[in-house]
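Asks: What follows is the file coords.pdb, containing PDB, C-alpha atoms:
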```pdb
ATOM      1  CA  MET G   1       0.000   0.000   0.000
ATOM      2  CA  LEU G   2       1.356   3.423  -0.962
ATOM      3  CA  ASN G   3       1.511   6.164   1.648
ATOM      4  CA  ASN G   4      -0.242   9.498   1.150
ATOM      5  CA  LYS G   5       2.947  11.252   0.055
ATOM      6  CA  LYS G   6       3.614   8.778  -2.735
ATOM      7  CA  LEU G   7      -0.027   8.871  -3.807
ATOM      8  CA  LYS G   8       0.301  12.637  -4.173
ATOM      9  CA  ASN G   9       3.460  12.293  -6.244
ATOM     10  CA  LEU G  10       1.958  10.502  -9.242
ATOM     11  CA  LEU G  11      -1.419  10.483 -10.958
ATOM     12  CA  ILE G  12      -2.099   7.856 -13.605
ATOM     13  CA  ILE G  13      -4.813   9.000 -16.001
ATOM     14  CA  ILE G  14      -6.730   6.355 -17.930
ATOM     15  CA  PRO G  15      -9.095   7.757 -20.589
ATOM     16  CA  ALA G  16     -11.678   5.041 -21.124
ATOM     17  CA  PHE G  17     -14.723   4.298 -23.236
ATOM     18  CA  ASN G  18     -16.298   0.846 -22.914
ATOM     19  CA  GLU G  19     -13.158  -0.825 -21.595
ATOM     20  CA  GLU G  20     -14.741  -3.263 -19.130
ATOM     21  CA  LYS G  21     -12.600  -6.133 -20.463
ATOM     22  CA  THR G  22      -9.236  -4.510 -19.738
ATOM     23  CA  ILE G  23      -9.669  -1.687 -17.199
ATOM     24  CA  LYS G  24      -9.378  -3.806 -14.031
ATOM     25  CA  LYS G  25      -5.933  -5.136 -14.891
ATOM     26  CA  ILE G  26      -4.603  -1.670 -15.723
ATOM     27  CA  ILE G  27      -5.964  -0.119 -12.519
ATOM     28  CA  LYS G  28      -4.522  -2.855 -10.311
ATOM     29  CA  ALA G  29      -1.097  -2.473 -11.889
ATOM     30  CA  GLY G  30      -1.243   1.332 -11.746
ATOM     31  CA  LYS G  31      -2.144   1.467  -8.054
ATOM     32  CA  VAL G  32       1.291   0.084  -7.218
ATOM     33  CA  PHE G  33       2.844   3.367  -8.370
ATOM     34  CA  GLY G  34       0.338   6.123  -7.601
ATOM     35  CA  LYS G  35      -3.255   7.278  -7.631
ATOM     36  CA  VAL G  36      -5.340   6.102 -10.577
ATOM     37  CA  LEU G  37      -7.911   8.329 -12.247
ATOM     38  CA  VAL G  38     -10.269   6.798 -14.793
ATOM     39  CA  VAL G  39     -11.978   9.338 -17.022
ATOM     40  CA  ASP G  40     -15.013   7.419 -18.219
ATOM     41  CA  ASP G  41     -16.195   9.017 -21.445
ATOM     42  CA  ALA G  42     -19.870   8.056 -21.043
ATOM     43  CA  SER G  43     -19.312   4.315 -21.355
ATOM     44  CA  THR G  44     -22.377   2.130 -21.857
ATOM     45  CA  ASP G  45     -20.790  -0.951 -20.300
ATOM     46  CA  LYS G  46     -19.472  -1.609 -16.762
ATOM     47  CA  THR G  47     -16.289   0.474 -17.050
ATOM     48  CA  LYS G  48     -17.342   2.923 -14.314
ATOM     49  CA  ASN G  49     -18.434   0.267 -11.805
ATOM     50  CA  ILE G  50     -15.393  -1.925 -12.365
ATOM     51  CA  SER G  51     -13.085   1.071 -12.001
ATOM     52  CA  LYS G  52     -14.618   2.162  -8.700
ATOM     53  CA  ALA G  53     -14.681  -1.390  -7.351
ATOM     54  CA  ASN G  54     -10.941  -1.681  -7.976
ATOM     55  CA  GLY G  55      -9.965   1.519  -6.214
ATOM     56  CA  ALA G  56      -9.728   4.085  -8.996
ATOM     57  CA  HIS G  57     -11.096   7.585  -8.694
ATOM     58  CA  VAL G  58     -13.632   8.029 -11.517
ATOM     59  CA  ILE G  59     -14.769  11.128 -13.342
ATOM     60  CA  GLN G  60     -17.572  10.318 -15.760
ATOM     61  CA  HIS G  61     -18.653  12.422 -18.713
ATOM     62  CA  LYS G  62     -22.419  12.545 -19.068
ATOM     63  CA  ILE G  63     -22.100  12.394 -22.850
ATOM     64  CA  ASN G  64     -19.366  10.961 -25.050
ATOM     65  CA  LEU G  65     -16.922  13.789 -25.737
ATOM     66  CA  GLY G  66     -14.081  11.818 -27.252
ATOM     67  CA  TYR G  67     -10.573  10.718 -26.355
ATOM     68  CA  ASN G  68      -9.053  14.204 -26.331
ATOM     69  CA  TYR G  69     -11.633  15.611 -23.933
ATOM     70  CA  ALA G  70     -11.095  12.667 -21.608
ATOM     71  CA  ILE G  71      -7.409  13.560 -21.439
ATOM     72  CA  GLU G  72      -8.302  17.238 -20.921
ATOM     73  CA  THR G  73     -10.475  16.286 -17.958
ATOM     74  CA  GLY G  74      -7.662  14.254 -16.436
ATOM     75  CA  LEU G  75      -5.032  16.964 -16.903
ATOM     76  CA  LYS G  76      -7.272  19.618 -15.344
ATOM     77  CA  TYR G  77      -7.797  17.352 -12.343
ATOM     78  CA  SER G  78      -4.054  16.709 -11.967
ATOM     79  CA  VAL G  79      -3.209  20.411 -11.968
ATOM     80  CA  ARG G  80      -6.053  21.263  -9.612
ATOM     81  CA  LYS G  81      -4.910  18.589  -7.162
ATOM     82  CA  ASN G  82      -1.200  19.453  -7.556
ATOM     83  CA  PHE G  83       0.139  16.024  -8.462
ATOM     84  CA  ARG G  84       3.887  16.317  -9.047
ATOM     85  CA  LYS G  85       3.800  13.930 -12.005
ATOM     86  CA  VAL G  86       1.113  12.643 -14.341
ATOM     87  CA  ILE G  87       1.201   9.693 -16.727
ATOM     88  CA  ILE G  88      -1.451   8.975 -19.348
ATOM     89  CA  ILE G  89      -2.019   5.367 -20.348
ATOM     90  CA  ASP G  90      -4.783   4.030 -22.585
ATOM     91  CA  GLY G  91      -7.548   1.883 -21.118
ATOM     92  CA  ASP G  92      -7.507  -0.757 -23.847
ATOM     93  CA  GLY G  93      -4.387  -2.555 -22.616
ATOM     94  CA  GLN G  94      -2.171  -1.698 -25.588
ATOM     95  CA  HIS G  95       0.359   0.070 -23.363
ATOM     96  CA  PRO G  96       1.912  -2.450 -20.935
ATOM     97  CA  THR G  97       1.713  -1.108 -17.388
ATOM     98  CA  LYS G  98       5.279  -2.220 -16.661
ATOM     99  CA  TYR G  99       6.470   1.002 -18.320
ATOM    100  CA  ILE G 100       4.750   3.239 -15.741
ATOM    101  CA  LYS G 101       7.697   2.921 -13.348
ATOM    102  CA  LYS G 102      10.225   3.881 -16.025
ATOM    103  CA  PHE G 103       8.122   6.854 -17.161
ATOM    104  CA  SER G 104       7.738   8.079 -13.583
ATOM    105  CA  LYS G 105      11.455   7.785 -12.807
ATOM    106  CA  SER G 106      12.282   9.670 -15.997
ATOM    107  CA  LEU G 107      10.211  12.709 -14.983
ATOM    108  CA  ASN G 108      12.285  15.128 -12.898
ATOM    109  CA  LYS G 109      13.398  18.769 -12.669
ATOM    110  CA  LYS G 110      15.334  18.426 -15.915
ATOM    111  CA  THR G 111      13.097  16.084 -17.912
ATOM    112  CA  LYS G 112       9.585  17.510 -17.884
ATOM    113  CA  VAL G 113       7.947  15.441 -20.625
ATOM    114  CA  VAL G 114       8.158  11.730 -21.453
ATOM    115  CA  CYS G 115       6.672  10.053 -24.528
ATOM    116  CA  GLY G 116       6.546   6.444 -25.658
ATOM    117  CA  ILE G 117       7.838   5.134 -28.963
ATOM    118  CA  ARG G 118       5.576   2.277 -30.018
ATOM    119  CA  SER G 119       6.871  -0.907 -31.557
ATOM    120  CA  ASN G 120       3.705  -1.263 -33.684
ATOM    121  CA  VAL G 121       2.114   1.534 -35.711
ATOM    122  CA  ASN G 122      -0.518   0.474 -38.236
ATOM    123  CA  ARG G 123      -2.510   3.463 -39.502
ATOM    124  CA  VAL G 124      -1.251   5.088 -42.698
ATOM    125  CA  GLY G 125      -1.989   8.528 -41.273
ATOM    126  CA  GLU G 126       0.180   7.829 -38.230
ATOM    127  CA  ILE G 127       3.088   6.616 -40.344
ATOM    128  CA  ILE G 128       2.961   9.836 -42.403
ATOM    129  CA  PHE G 129       2.645  11.966 -39.240
ATOM    130  CA  ILE G 130       5.670  10.243 -37.677
ATOM    131  CA  PHE G 131       7.735  10.728 -40.850
ATOM    132  CA  PHE G 132       7.221  14.502 -40.815
ATOM    133  CA  SER G 133       7.508  14.675 -37.039
ATOM    134  CA  LYS G 134      11.070  13.333 -37.206
ATOM    135  CA  ILE G 135      11.953  16.000 -39.773
ATOM    136  CA  PHE G 136      10.343  19.054 -38.168
ATOM    137  CA  TRP G 137      10.525  18.339 -34.427
ATOM    138  CA  ASN G 138      12.873  15.377 -33.994
ATOM    139  CA  ILE G 139      10.102  13.415 -32.270
ATOM    140  CA  GLN G 140       9.918   9.684 -32.970
ATOM    141  CA  ASP G 141       6.255   8.943 -32.134
ATOM    142  CA  PRO G 142       4.183  12.020 -31.161
ATOM    143  CA  LEU G 143       0.900  10.103 -31.453
ATOM    144  CA  CYS G 144       1.757   7.496 -28.830
ATOM    145  CA  GLY G 145      -0.963   7.681 -26.182
ATOM    146  CA  MET G 146       1.419   6.930 -23.316
ATOM    147  CA  LYS G 147       2.929  10.211 -22.152
ATOM    148  CA  GLY G 148       4.049  11.814 -18.912
ATOM    149  CA  TYR G 149       4.385  15.397 -17.648
ATOM    150  CA  THR G 150       5.622  17.170 -14.538
ATOM    151  CA  LEU G 151       3.334  19.525 -12.638
ATOM    152  CA  ASN G 152       5.641  22.474 -13.327
ATOM    153  CA  PHE G 153       5.485  21.832 -17.054
ATOM    154  CA  LEU G 154       1.688  21.641 -17.055
ATOM    155  CA  LYS G 155       1.306  24.800 -14.970
ATOM    156  CA  GLU G 156       3.546  26.708 -17.352
ATOM    157  CA  ASN G 157       2.304  25.286 -20.648
ATOM    158  CA  TYR G 158      -1.130  23.730 -20.284
ATOM    159  CA  LYS G 159      -4.181  25.367 -21.747
ATOM    160  CA  PHE G 160      -7.217  23.931 -23.462
ATOM    161  CA  SER G 161      -6.136  22.270 -26.678
ATOM    162  CA  THR G 162      -6.203  24.226 -29.905
ATOM    163  CA  PHE G 163      -7.262  21.389 -32.181
ATOM    164  CA  ASP G 164      -8.409  18.274 -30.327
ATOM    165  CA  SER G 165      -5.016  16.670 -29.750
ATOM    166  CA  ILE G 166      -3.810  18.043 -26.418
ATOM    167  CA  SER G 167      -1.129  15.473 -25.559
ATOM    168  CA  THR G 168       0.508  15.751 -28.990
ATOM    169  CA  GLU G 169       0.260  19.538 -28.860
ATOM    170  CA  LEU G 170       1.946  19.678 -25.441
ATOM    171  CA  LEU G 171       4.737  17.413 -26.635
ATOM    172  CA  ILE G 172       5.496  19.505 -29.706
ATOM    173  CA  ARG G 173       5.323  22.757 -27.718
ATOM    174  CA  ALA G 174       7.867  21.325 -25.293
ATOM    175  CA  LYS G 175      10.223  20.464 -28.153
ATOM    176  CA  LYS G 176       9.868  23.896 -29.756
ATOM    177  CA  LYS G 177      10.653  25.551 -26.400
ATOM    178  CA  ASN G 178      13.744  23.363 -25.998
ATOM    179  CA  ILE G 179      12.276  21.716 -22.908
ATOM    180  CA  THR G 180      13.909  18.355 -22.225
ATOM    181  CA  VAL G 181      11.774  15.501 -23.568
ATOM    182  CA  LYS G 182      12.668  11.847 -23.057
ATOM    183  CA  GLU G 183      11.374   9.217 -25.470
ATOM    184  CA  ILE G 184      11.101   5.621 -24.262
ATOM    185  CA  LYS G 185      10.621   2.592 -26.491
ATOM    186  CA  ILE G 186       7.586   0.524 -25.527
ATOM    187  CA  ARG G 187       6.384  -2.767 -26.939
ATOM    188  CA  ASN G 188       2.738  -1.944 -27.453
ATOM    189  CA  LEU G 189       0.206  -4.743 -27.887
ATOM    190  CA  ARG G 190      -2.232  -5.016 -30.744
ATOM    191  CA  ARG G 191      -5.855  -4.418 -29.843
ATOM    192  CA  LYS G 192      -7.999  -7.538 -30.268
ATOM    193  CA  ASP G 193     -11.331  -5.813 -30.797
ATOM    194  CA  LYS G 194     -12.381  -2.637 -32.620
ATOM    195  CA  SER G 195     -10.498   0.521 -31.706
ATOM    196  CA  ARG G 196     -12.564   3.090 -29.788
ATOM    197  CA  PHE G 197     -10.622   5.837 -31.587
ATOM    198  CA  GLY G 198     -11.757   4.676 -35.001
ATOM    199  CA  ARG G 199     -10.274   3.282 -38.179
ATOM    200  CA  GLY G 200     -10.331   3.696 -41.948
ATOM    201  CA  VAL G 201     -10.366   6.839 -44.081
ATOM    202  CA  LYS G 202     -12.025   9.069 -41.491
ATOM    203  CA  ILE G 203      -9.435   8.566 -38.753
ATOM    204  CA  ASN G 204      -6.526   8.853 -41.192
ATOM    205  CA  PHE G 205      -7.964  12.134 -42.467
ATOM    206  CA  PHE G 206      -8.238  13.398 -38.872
ATOM    207  CA  ILE G 207      -4.598  12.449 -38.160
ATOM    208  CA  LEU G 208      -3.308  14.196 -41.284
ATOM    209  CA  THR G 209      -5.423  17.270 -40.525
ATOM    210  CA  THR G 210      -3.906  17.334 -37.038
ATOM    211  CA  LEU G 211      -0.423  17.215 -38.582
ATOM    212  CA  LEU G 212      -1.254  20.212 -40.743
ATOM    213  CA  LYS G 213      -2.592  22.140 -37.749
ATOM    214  CA  CYS G 214       0.533  21.313 -35.737
ATOM    215  CA  LEU G 215       2.708  22.726 -38.520
ATOM    216  CA  ILE G 216       0.617  25.880 -38.829
ATOM    217  CA  PHE G 217      -0.429  26.770 -35.285
ATOM    218  CA  ILE G 218       2.224  25.532 -32.857
ATOM    219  CA  ARG G 219       4.835  28.187 -32.286
TER     220      ARG G 219
END
```
Represent the structure of the file as structure tokens.
Replies:
Amino acid sequence: MLNNKKLKNLLIIIPAFNEEKTIKKIIKAGKVFGKVLVVDDASTDKTKNISKANGAHVIQHKINLGYNYAIETGLKYSVRKNFRKVIIIDGDGQHPTKYIKKFSKSLNKKTKVVCGIRSNVNRVGEIIFIFFSKIFWNIQDPLCGMKGYTLNFLKENYKFSTFDSISTELLIRAKKKNITVKEIKIRNLRRKDKSRFGRGVKINFFILTTLLKCLIFIR
């Protein structure tokens, strides 16, 4: 059991929508390292009940607002409650929880942002985004959902996202401000069922539009 001081050090944010099959395992693993917050984006299954039963704090959206808004909700909570570090990990089990410890240890006074580099990237839009990201920002995988931030970084740089991709936006802003960012290779798992984020032409168009907005608006 973690003491109150350690619980205040790290918040693990899990954005979730209908993740009743995987959420329990992620919460139980996360509780070893810090406080777990599940942002339930109006799930229609048992995600909320399972999360509460396994010791997570739950904030539930009354309507489905999408992945980005779930992260926004979690980040606002972390700043309001003054957690020294925050790590975002997806609720579908694709990001192995064993990397939480490494992400947390990497966040310090010097390194204010941590981002995963996935072993598997499948969407065409993501591959194109990553290609240009390496050229313009020297970032290997800006779309990886597993990221970490220090409280100081969030207080100085966080504001509501400009174009529905807050974690990617924060990462790129950090790079452009020459803030130390650490990238950690993770062996992400393939999702067995349908992605909650979407697939096909629509999601690839959204990813490429986000790339364009990053190039235009992030200064």
Asks: For the provided coordinates, the residues matched by the PyMOL selection byres ((chain G and resi 96) around 9) should be stated as a list in words.
Replies: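 Checked against the file, the PyMOL selection byres ((chain G and resi 96) around 9) matches Ile26, Ile89, Gly93, Gln94, His95, Thr97, Lys98, Tyr99, Ile100, Ile186, Arg187, Asn188 and Leu189 of chain G.
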Asks: Which residues fall under the PyMOL selection byres ((chain G and resi 53) around 12) in this file, as a PyMOL selection string?
Replies: chain G and resi 20+23-24+27-28+38+46-52+54-58
Asks: So the first atom is CA of Ile59 (chain G) and the second is CA of Leu37 (chain G); what is the distance between them in Å, to one decimal place?
Replies: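 Calculated distance between CA of Ile59 (chain G) and CA of Leu37 (chain G) is 7.5 Å.
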Asks: If you measure from CA of Ile14 (chain G) to CA of Ile179 (chain G), what distance in Å do you get, rounded to one decimal?
Replies: 24.9 Å
Asks: Translate the PyMOL selection byres ((chain G and resi 145) around 7) into a concrete residue list for this structure, as a list of chain:residue names.
Replies: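 Selected by the PyMOL selection byres ((chain G and resi 145) around 7) in this file: G:Ile88, G:Ile89, G:Asp90, G:Leu143, G:Cys144, G:Met146, G:Lys147.
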Asks: Dump C-alpha atoms for the selected residues as a PDB file, in the frame of the given file?
Replies:
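Full text of part.pdb as output:
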```pdb
ATOM      1  CA  ILE G  88      -1.451   8.975 -19.348  1.00  0.00           C
ATOM      2  CA  ILE G  89      -2.019   5.367 -20.348  1.00  0.00           C
ATOM      3  CA  ASP G  90      -4.783   4.030 -22.585  1.00  0.00           C
ATOM      4  CA  LEU G 143       0.900  10.103 -31.453  1.00  0.00           C
ATOM      5  CA  CYS G 144       1.757   7.496 -28.830  1.00  0.00           C
ATOM      6  CA  MET G 146       1.419   6.930 -23.316  1.00  0.00           C
ATOM      7  CA  LYS G 147       2.929  10.211 -22.152  1.00  0.00           C
TER       8      LYS G 147
END
```
Asks: Write out as a PyMOL selection string each polymer residue whose atoms come within 8 Å of Asp141 (chain G), counting all atoms listed in the file; drop sequence neighbours fewer than 6 positions from it.
Replies: chain G and resi 115-118+130+133
Asks: CA of Phe136 (chain G) to CA of Phe217 (chain G): how many Å, to one decimal?
Replies: 13.6 Å
Asks: Would you mind telling me which residue in G:Ile13, G:Val201, G:Val79, G:Val39 lies nearest to Arg123 (chain G) when using all atoms listed in the file?
Replies: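 Closest to Arg123 (chain G) of all the choices is G:Val201.
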Asks: Set the distance at 7 Å and use only C-alpha atoms: which residues neighbour Asn204 (chain G) once local chain neighbours fewer than 2 positions away are removed? I'd like the list as a ChimeraX atom specification.
Replies: /G:123-125,200-202,206-208
Asks: Go ahead and write the selection's residues with C-alpha atoms as a compact mmCIF listing (two decimals), keeping the file's coordinate frame.
Replies:
```txt
# COMPACT_ATOMS: atom_id res chain seq x y z
CA ARG G 123 -2.51 3.46 -39.50
CA VAL G 124 -1.25 5.09 -42.70
CA GLY G 125 -1.99 8.53 -41.27
CA GLY G 200 -10.33 3.70 -41.95
CA VAL G 201 -10.37 6.84 -44.08
CA LYS G 202 -12.02 9.07 -41.49
CA PHE G 206 -8.24 13.40 -38.87
CA ILE G 207 -4.60 12.45 -38.16
CA LEU G 208 -3.31 14.20 -41.28
```
Asks: Would you mind telling me which residue in G:Ile218, G:Leu211, G:Val36, G:Ala70 lies nearest to Ile127 (chain G) when using only C-alpha atoms?
Replies: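 For Ile127 (chain G), the nearest of the candidates is G:Leu211.
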Asks: Just the residues within 12 Å of Ser167 (chain G), please, counting all atoms listed in the file, with nothing from its chain fewer than 2 positions along; format it as a VMD selection string.
Replies: chain G and resid 67 to 72 74 to 75 86 to 89 113 to 116 141 to 149 154 157 to 165 169 to 174 210 214
Asks: Using only C-alpha atoms, which residue out of G:Leu151, G:Lys21, G:Phe131, G:Ser119 lies closest to Tyr77 (chain G)?
Replies: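 Distance minimum relative to Tyr77 (chain G) lands on G:Leu151.
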Asks: Let me have the centre and edge lengths of the axis-aligned box enclosing all listed atoms of region 155-159 of chain G with 5 Å padding on every side, in Å to one decimal, as AutoDock Vina command-line options.
Replies:
```
--center_x -0.3 --center_y 25.2 --center_z -18.4 --size_x 17.7 --size_y 13.0 --size_z 16.8
```
